[in-house]
$ cat run.cif   # mmCIF, C-alpha atoms and all ligand atoms
data_input
loop_
_atom_site.label_atom_id
_atom_site.label_comp_id
_atom_site.auth_asym_id
_atom_site.auth_seq_id
_atom_site.Cartn_x
_atom_site.Cartn_y
_atom_site.Cartn_z
CA MET A 641 114.67 140.44 95.79
CA GLY A 642 113.88 136.84 95.00
CA PRO A 643 113.82 134.10 92.35
CA ILE A 644 111.38 133.94 89.45
CA GLY A 645 108.64 131.50 90.50
CA VAL A 646 107.62 128.85 87.98
CA PHE A 647 104.49 126.86 88.76
CA ASP A 648 103.03 123.77 87.16
CA SER A 649 100.56 121.10 88.22
CA GLY A 650 103.46 118.62 88.09
CA TYR A 651 106.40 117.90 85.82
CA GLY A 652 105.26 119.48 82.56
CA GLY A 653 106.40 122.99 83.48
CA LEU A 654 109.95 121.66 83.40
CA THR A 655 109.72 121.84 79.58
CA ILE A 656 109.07 125.59 79.96
CA LEU A 657 111.61 126.13 82.75
CA GLU A 658 114.32 124.48 80.67
CA GLU A 659 113.89 127.18 78.02
CA PHE A 660 113.99 129.93 80.68
CA GLN A 661 117.29 128.49 81.89
CA ARG A 662 118.60 128.33 78.31
CA GLN A 663 117.51 131.79 77.16
CA LEU A 664 117.81 133.57 80.53
CA PRO A 665 120.50 131.65 82.43
CA GLY A 666 121.47 134.52 84.71
CA TYR A 667 118.33 134.48 86.87
CA ASP A 668 117.39 132.39 89.89
CA TYR A 669 114.28 130.22 89.53
CA LEU A 670 112.05 128.53 92.08
CA TYR A 671 110.06 125.70 90.46
CA LEU A 672 106.99 124.32 92.20
CA GLY A 673 105.19 121.21 90.96
CA ASP A 674 101.92 120.26 92.64
CA ASN A 675 102.62 116.59 91.95
CA ALA A 676 100.49 115.37 94.85
CA ARG A 677 97.36 116.77 93.17
CA THR A 678 98.24 116.46 89.49
CA PRO A 679 96.71 116.23 86.92
CA TYR A 680 94.73 119.46 86.83
CA GLY A 681 93.54 118.87 83.26
CA ASN A 682 90.18 117.31 84.08
CA ARG A 683 89.42 119.20 87.30
CA SER A 684 86.67 121.79 87.67
CA PHE A 685 87.25 125.52 87.43
CA ASN A 686 87.04 126.12 91.18
CA VAL A 687 89.42 123.33 92.09
CA VAL A 688 92.08 124.45 89.59
CA TYR A 689 91.67 128.02 90.79
CA GLU A 690 91.99 127.06 94.50
CA TYR A 691 95.03 124.82 93.93
CA THR A 692 96.76 127.38 91.73
CA LEU A 693 96.08 130.18 94.20
CA GLU A 694 97.65 128.14 97.01
CA ALA A 695 100.76 127.61 94.91
CA VAL A 696 100.97 131.26 93.88
CA ARG A 697 100.58 132.33 97.49
CA TYR A 698 103.43 130.00 98.45
CA LEU A 699 105.75 131.33 95.73
CA LEU A 700 104.97 134.97 96.53
CA GLY A 701 105.52 134.16 100.20
CA SER A 702 108.92 132.74 99.24
CA GLY A 703 109.90 136.15 97.89
CA CYS A 704 109.24 135.72 94.16
CA PRO A 705 108.62 139.13 92.58
CA LEU A 706 107.31 137.37 89.47
CA VAL A 707 105.46 134.06 89.12
CA ILE A 708 104.91 132.31 85.79
CA LEU A 709 102.07 129.81 85.58
CA ALA A 710 103.91 127.35 83.32
CA CYS A 711 100.78 125.23 83.00
CA ASN A 712 98.13 125.73 80.35
CA THR A 713 95.27 124.49 82.49
CA ALA A 714 96.16 126.82 85.37
CA SER A 715 96.77 129.72 82.98
CA ALA A 716 93.45 129.07 81.23
CA LYS A 717 91.34 128.63 84.34
CA ALA A 718 92.95 130.57 87.18
CA LEU A 719 95.23 133.33 85.90
CA ARG A 720 92.64 136.00 85.24
CA SER A 721 90.95 135.59 88.65
CA ILE A 722 94.26 135.61 90.48
CA GLN A 723 95.49 138.71 88.65
CA GLN A 724 92.26 140.62 89.15
CA ASN A 725 90.96 139.44 92.52
CA ASP A 726 93.82 138.05 94.59
CA LEU A 727 97.11 139.66 93.63
CA PRO A 728 96.18 143.22 94.62
CA ALA A 729 95.63 142.03 98.20
CA LEU A 730 98.40 139.39 98.28
CA ALA A 731 101.33 141.25 96.74
CA PRO A 732 100.35 144.36 94.75
CA ASP A 733 103.93 145.00 93.59
CA SER A 734 104.48 141.46 92.30
CA ARG A 735 103.24 139.94 89.04
CA VAL A 736 101.71 136.66 87.95
CA LEU A 737 101.82 135.78 84.24
CA GLY A 738 100.60 132.81 82.21
CA ILE A 739 101.66 131.04 79.04
CA LEU A 740 98.60 131.53 76.83
CA ARG A 741 99.27 135.11 75.76
CA PRO A 742 102.78 134.56 74.32
CA THR A 743 101.49 131.51 72.46
CA VAL A 744 98.53 133.38 71.00
CA GLU A 745 100.68 136.33 69.96
CA ALA A 746 102.98 134.02 68.01
CA VAL A 747 100.17 132.24 66.17
CA GLY A 748 99.28 135.33 64.14
CA ARG A 749 102.85 135.57 62.83
CA ILE A 750 103.00 131.90 61.87
CA THR A 751 99.75 130.85 60.19
CA ARG A 752 99.31 131.49 56.45
CA SER A 753 95.93 129.82 55.91
CA GLY A 754 94.40 131.45 59.03
CA HIS A 755 93.27 127.98 60.15
CA VAL A 756 94.76 126.97 63.49
CA GLY A 757 94.36 123.84 65.60
CA LEU A 758 94.65 123.73 69.38
CA LEU A 759 95.33 120.57 71.35
CA GLY A 760 95.19 120.68 75.14
CA THR A 761 93.66 119.20 78.25
CA GLN A 762 89.90 119.10 78.74
CA GLY A 763 90.18 122.02 81.16
CA THR A 764 92.15 124.20 78.76
CA VAL A 765 89.86 123.49 75.81
CA GLN A 766 86.59 123.76 77.74
CA SER A 767 87.63 127.04 79.38
CA GLY A 768 87.56 128.65 75.93
CA SER A 769 90.49 130.84 77.03
CA TYR A 770 92.55 130.25 73.88
CA ALA A 771 89.54 130.98 71.69
CA ILE A 772 88.85 134.21 73.58
CA GLU A 773 92.47 135.39 73.37
CA ILE A 774 92.78 134.48 69.70
CA SER A 775 89.58 136.29 68.76
CA LYS A 776 90.92 139.35 70.60
CA PHE A 777 94.35 139.42 68.92
CA HIS A 778 93.62 137.76 65.59
CA PRO A 779 89.88 137.89 64.83
CA GLU A 780 90.59 136.57 61.32
CA ILE A 781 91.88 133.22 62.64
CA GLN A 782 89.59 130.19 62.61
CA LEU A 783 90.44 128.05 65.63
CA THR A 784 89.53 124.37 65.99
CA SER A 785 90.18 122.95 69.47
CA LEU A 786 90.36 119.37 70.68
CA ALA A 787 91.00 117.89 74.12
CA CYS A 788 93.42 114.96 74.19
CA PRO A 789 92.80 113.37 77.60
CA MET A 790 94.95 110.31 76.83
CA TRP A 791 98.15 112.19 76.04
CA VAL A 792 99.17 113.34 79.54
CA PRO A 793 98.80 109.79 80.97
CA LEU A 794 100.87 108.41 78.07
CA VAL A 795 103.73 110.74 78.96
CA GLU A 796 103.36 110.26 82.71
CA CYS A 797 103.55 106.50 82.23
CA GLY A 798 106.65 106.82 80.05
CA GLU A 799 104.78 105.39 77.05
CA HIS A 800 105.18 108.40 74.75
CA ASN A 801 107.80 106.67 72.57
CA SER A 802 106.09 103.29 72.55
CA PRO A 803 104.25 101.79 69.54
CA GLY A 804 101.04 101.93 71.59
CA ALA A 805 101.22 105.72 71.71
CA ASP A 806 100.76 105.92 67.94
CA PHE A 807 97.15 104.83 68.24
CA PHE A 808 96.14 107.71 70.53
CA VAL A 809 98.31 110.27 68.78
CA ALA A 810 96.76 109.40 65.41
CA GLN A 811 93.25 109.20 66.84
CA TYR A 812 93.16 112.81 68.11
CA LEU A 813 95.05 114.25 65.15
CA ASP A 814 92.74 112.53 62.67
CA ARG A 815 89.74 113.99 64.49
CA LEU A 816 91.23 117.48 64.46
CA PHE A 817 92.10 117.44 60.76
CA ALA A 818 88.73 115.93 59.87
CA ALA A 819 87.11 118.93 61.60
CA ASP A 820 89.28 121.38 59.64
CA PRO A 821 91.54 120.05 56.84
CA GLN A 822 92.90 123.56 56.18
CA ILE A 823 94.79 123.80 59.48
CA ASP A 824 98.39 124.88 58.78
CA THR A 825 99.43 125.66 62.37
CA LEU A 826 99.04 123.49 65.42
CA ILE A 827 99.35 124.75 69.01
CA LEU A 828 100.56 122.13 71.47
CA GLY A 829 98.68 123.78 74.33
CA CYS A 830 99.81 121.47 77.09
CA THR A 831 103.21 121.26 78.74
CA HIS A 832 103.42 117.46 78.21
CA TYR A 833 102.85 117.42 74.48
CA PRO A 834 106.38 118.40 73.36
CA LEU A 835 107.41 114.93 74.47
CA LEU A 836 105.05 113.50 71.86
CA LEU A 837 106.43 115.74 69.11
CA PRO A 838 108.21 113.02 67.09
CA LYS A 839 104.97 111.03 66.91
CA ILE A 840 102.86 114.12 66.23
CA ARG A 841 105.12 114.88 63.26
CA GLN A 842 104.67 111.33 61.95
CA HIS A 843 100.89 111.67 61.99
CA THR A 844 100.49 115.19 60.58
CA PRO A 845 100.93 116.64 57.07
CA ARG A 846 104.43 117.71 56.07
CA GLY A 847 104.98 121.44 56.33
CA LEU A 848 102.56 121.86 59.24
CA ASN A 849 103.74 124.52 61.71
CA ILE A 850 103.81 122.98 65.17
CA ILE A 851 104.05 125.43 68.05
CA THR A 852 105.81 124.19 71.18
CA GLN A 853 105.57 126.76 73.91
CA GLY A 854 108.91 126.73 75.77
CA PRO A 855 110.95 128.86 73.32
CA LEU A 856 108.08 131.33 72.78
CA VAL A 857 107.30 131.75 76.46
CA ALA A 858 110.99 132.24 77.30
CA ALA A 859 111.39 134.89 74.58
CA SER A 860 108.29 136.60 75.88
CA LEU A 861 109.66 136.53 79.44
CA ALA A 862 112.90 138.12 78.23
CA ASP A 863 110.88 140.83 76.53
CA TYR A 864 108.74 141.35 79.63
CA LEU A 865 111.81 141.76 81.85
CA ARG A 866 113.27 144.30 79.41
CA ARG A 867 110.06 146.33 79.49
CA HIS A 868 109.57 146.09 83.26
CA PRO A 869 112.75 147.20 85.05
CA GLU A 870 110.77 147.60 88.29
CA ILE A 871 110.22 143.80 88.31
CA GLU A 872 113.50 142.81 86.67
CA SER A 873 115.55 144.68 89.27
CA ARG A 874 113.92 142.54 91.97
CA CYS A 875 114.80 139.21 90.30
CA ASN A 876 117.86 137.56 91.82
CA ARG A 877 120.73 136.92 89.44
CA GLY A 878 122.58 133.91 90.74
CA GLY A 879 121.88 131.43 87.95
CA GLN A 880 120.49 128.91 90.46
CA THR A 881 117.28 126.86 90.37
CA ARG A 882 115.54 125.24 93.33
CA TYR A 883 112.86 122.57 92.81
CA LEU A 884 109.89 122.10 95.10
CA THR A 885 107.22 119.40 94.87
CA THR A 886 104.16 118.52 96.91
CA GLU A 887 104.95 114.81 96.41
CA ALA A 888 107.89 112.77 97.69
CA SER A 889 111.11 114.41 96.48
CA ARG A 890 112.66 111.11 95.35
CA LYS A 891 109.72 110.43 93.08
CA PHE A 892 110.01 113.91 91.56
CA GLU A 893 113.74 113.54 91.01
CA GLU A 894 113.29 110.21 89.19
CA MET A 895 110.39 111.27 87.00
CA ALA A 896 111.86 114.69 86.18
CA SER A 897 114.42 113.00 83.95
CA VAL A 898 111.61 112.25 81.47
CA PHE A 899 110.97 116.00 81.07
CA THR A 900 114.41 117.56 81.38
CA ARG A 901 117.98 116.45 80.83
CA LYS A 902 119.05 118.19 84.04
CA LYS A 903 119.88 116.23 87.18
CA ILE A 904 117.44 117.54 89.75
CA SER A 905 117.45 117.63 93.50
CA ALA A 906 113.98 118.43 94.88
CA HIS A 907 112.48 119.37 98.23
CA GLN A 908 109.01 118.35 99.39
CA ILE A 909 106.61 121.02 100.67
CA SER A 910 102.93 121.14 101.63
CA LEU A 911 100.45 123.66 100.25
CA ILE A 912 97.66 122.81 102.69
N1 LIG A 1001 100.49 121.03 82.90
C1 LIG A 1001 99.19 120.74 82.38
C2 LIG A 1001 98.89 121.67 81.20
O1 LIG A 1001 99.78 122.25 80.59
C3 LIG A 1001 99.08 119.28 81.95
C4 LIG A 1001 99.04 118.31 83.10
C5 LIG A 1001 97.78 118.36 83.92
O2 LIG A 1001 96.70 118.02 83.41
O3 LIG A 1001 97.88 118.75 85.09
O4 LIG A 1001 97.75 121.82 80.85
#

$ encode --input "run.cif" --output "structure tokens"
Amino acid sequence: MGPIGVFDSGYGGLTILEEFQRQLPGYDYLYLGDNARTPYGNRSFNVVYEYTLEAVRYLLGSGCPLVILACNTASAKALRSIQQNDLPALAPDSRVLGILRPTVEAVGRITRSGHVGLLGTQGTVQSGSYAIEISKFHPEIQLTSLACPMWVPLVECGEHNSPGADFFVAQYLDRLFAADPQIDTLILGCTHYPLLLPKIRQHTPRGLNIITQGPLVAASLADYLRRHPEIESRCNRGGQTRYLTTEASRKFEEMASVFTRKKISAHQISLI
């Protein structure tokens, strides 16, 4: 028995965790943010894989029967290798899931034009993982992807509501819609981007479907737990969440308020 592990490179996964807590409040969660080594978005494949594996190992070692990689970059670059190569040796009865699949599944139900845009970190876009998953599930969809390397720093610096943010929000969106003006559905494929949603709406056509991941991923987790009683029965049901960070806990507690309305008390750990 143990909590559901939720991993992110830093704070962004809190936007996903918040939806887990809202849709599935009965479970215990153990959140781990690798704040000391964030961001992952521009790191190489091997580095993201190594860092993510260390975090997964820690969460499995803490008794989590299920770990969710609530980070697009980690899901895109490390999930497959961890599932196939590491988990069988580490904890064959436990599961590690990512957040790409639930997002991709939803896209097919939402788009009408079949033209979809993806915004994410450099790592997520360059990995091609969204493109691969979309071509598997919805071969008819035409995907246009764009990395937005300025957006995570804007949020991390608390500038996402400032007038200066408009410049970078418009810049990437203009590029994306110039590449494919028929896009009717936009995936915000990065945990930080929901904080930019008001500005993204201002700079995109009316009626555009904008996919934020938290609600989708939480609904998909609920469905997964229903279909997998062997995992669900090992998830603690105390309604409690503990927060771990690889950075100073005070820093995490202060910055977390940008990403979640909850008052958080965190504990610092080391992954190395
Ligand atoms: N959490 C990351 C993601 O969703 C964004 C932050 C980072 O680059 O580490 O891709």

$ residues_around --input "run.cif" --residues "Met641 in chain A" --least-positions-apart "5" --cutoff "9 Å" --atoms "all atoms listed in the file" --output "JSON, numbers by chain"
{"A": [703, 704, 705, 873, 874, 875, 876]}

$ residues_near_ligand --input "run.cif" --ligand "ligand LIG 1001 (chain A)" --cutoff "7 Å" --atoms "only C-alpha atoms and all ligand atoms" --output "list in words"
Asp648, Ser649, Gly650, Gly652, Gly653, Thr678, Pro679, Tyr680, Gly681, Asn682, Cys711, Asn712, Thr713, Ala714, Gly760, Thr761, Thr764, Val792, Gly829, Cys830, Thr831 and His832 of chain A

$ residues_around --input "run.cif" --residues "Phe807 in chain A" --least-positions-apart "4" --cutoff "12 Å" --atoms "only C-alpha atoms" --output "number ranges by chain"
A: 790-791, 794, 799-803, 811-814, 839-840, 842-843

$ closest_residue --input "run.cif" --among "A:Ala862, A:Ala731, A:Leu709, A:Ile722" --to "Leu664 in chain A" --atoms "only C-alpha atoms"
A:Ala862

$ residues_around --input "run.cif" --residues "Ile772 in chain A" --least-positions-apart "2" --cutoff "12 Å" --atoms "all atoms listed in the file" --output "list of chain:residue names"
A:Ala716, A:Leu740, A:Arg741, A:Val744, A:Thr764, A:Val765, A:Gln766, A:Ser767, A:Gly768, A:Ser769, A:Tyr770, A:Ile774, A:Ser775, A:Lys776, A:Phe777, A:His778, A:Pro779, A:Ile781, A:Gln782, A:Leu783

$ closest_residue --input "run.cif" --among "A:Ala858, A:Ala896, A:Ala710, A:Val756" --to "Phe817 in chain A" --atoms "all atoms listed in the file"
A:Val756

$ atom_distance --input "run.cif" --atom1 "CA of Lys903 in chain A" --atom2 "CA of Glu659 in chain A"
15.5 Å

$ build_atoms --input "run.cif" --residues "range 882-896 of chain A" --atoms "N, CA, C and O atoms" --output "mmCIF file, in the coordinates of the input"
data_model
loop_
_atom_site.group_PDB
_atom_site.id
_atom_site.type_symbol
_atom_site.label_atom_id
_atom_site.label_comp_id
_atom_site.auth_asym_id
_atom_site.auth_seq_id
_atom_site.Cartn_x
_atom_site.Cartn_y
_atom_site.Cartn_z
ATOM 1 N N ARG A 882 115.954 126.184 92.285
ATOM 2 C CA ARG A 882 115.540 125.240 93.330
ATOM 3 C C ARG A 882 114.231 124.605 92.888
ATOM 4 O O ARG A 882 113.385 125.262 92.256
ATOM 5 N N TYR A 883 114.050 123.328 93.244
ATOM 6 C CA TYR A 883 112.860 122.570 92.810
ATOM 7 C C TYR A 883 112.059 122.151 94.024
ATOM 8 O O TYR A 883 112.595 121.500 94.937
ATOM 9 N N LEU A 884 110.775 122.492 94.019
ATOM 10 C CA LEU A 884 109.890 122.100 95.100
ATOM 11 C C LEU A 884 108.777 121.224 94.512
ATOM 12 O O LEU A 884 108.328 121.438 93.389
ATOM 13 N N THR A 885 108.320 120.270 95.301
ATOM 14 C CA THR A 885 107.220 119.400 94.870
ATOM 15 C C THR A 885 106.344 119.106 96.078
ATOM 16 O O THR A 885 106.836 119.066 97.204
ATOM 17 N N THR A 886 105.050 118.894 95.813
ATOM 18 C CA THR A 886 104.160 118.520 96.910
ATOM 19 C C THR A 886 104.138 117.011 97.123
ATOM 20 O O THR A 886 103.480 116.521 98.028
ATOM 21 N N GLU A 887 104.851 116.277 96.251
ATOM 22 C CA GLU A 887 104.950 114.810 96.410
ATOM 23 C C GLU A 887 106.312 114.469 97.018
ATOM 24 O O GLU A 887 107.106 115.364 97.332
ATOM 25 N N ALA A 888 106.599 113.195 97.156
ATOM 26 C CA ALA A 888 107.890 112.770 97.690
ATOM 27 C C ALA A 888 109.005 113.240 96.749
ATOM 28 O O ALA A 888 108.896 113.091 95.526
ATOM 29 N N SER A 889 110.061 113.812 97.316
ATOM 30 C CA SER A 889 111.110 114.410 96.480
ATOM 31 C C SER A 889 111.806 113.361 95.610
ATOM 32 O O SER A 889 112.162 113.636 94.470
ATOM 33 N N ARG A 890 111.982 112.145 96.139
ATOM 34 C CA ARG A 890 112.660 111.110 95.350
ATOM 35 C C ARG A 890 111.904 110.791 94.065
ATOM 36 O O ARG A 890 112.457 110.632 92.991
ATOM 37 N N LYS A 891 110.568 110.719 94.227
ATOM 38 C CA LYS A 891 109.720 110.430 93.080
ATOM 39 C C LYS A 891 109.866 111.529 92.011
ATOM 40 O O LYS A 891 109.981 111.258 90.822
ATOM 41 N N PHE A 892 109.866 112.769 92.481
ATOM 42 C CA PHE A 892 110.010 113.910 91.560
ATOM 43 C C PHE A 892 111.345 113.833 90.830
ATOM 44 O O PHE A 892 111.419 114.017 89.616
ATOM 45 N N GLU A 893 112.393 113.575 91.595
ATOM 46 C CA GLU A 893 113.740 113.540 91.010
ATOM 47 C C GLU A 893 113.840 112.473 89.927
ATOM 48 O O GLU A 893 114.429 112.689 88.870
ATOM 49 N N GLU A 894 113.234 111.309 90.175
ATOM 50 C CA GLU A 894 113.290 110.210 89.190
ATOM 51 C C GLU A 894 112.513 110.562 87.924
ATOM 52 O O GLU A 894 113.000 110.435 86.819
ATOM 53 N N MET A 895 111.277 111.024 88.128
ATOM 54 C CA MET A 895 110.390 111.270 87.000
ATOM 55 C C MET A 895 110.806 112.498 86.193
ATOM 56 O O MET A 895 110.557 112.584 84.987
ATOM 57 N N ALA A 896 111.455 113.451 86.857
ATOM 58 C CA ALA A 896 111.860 114.690 86.180
ATOM 59 C C ALA A 896 112.752 114.398 84.985
ATOM 60 O O ALA A 896 112.754 115.148 84.011
#
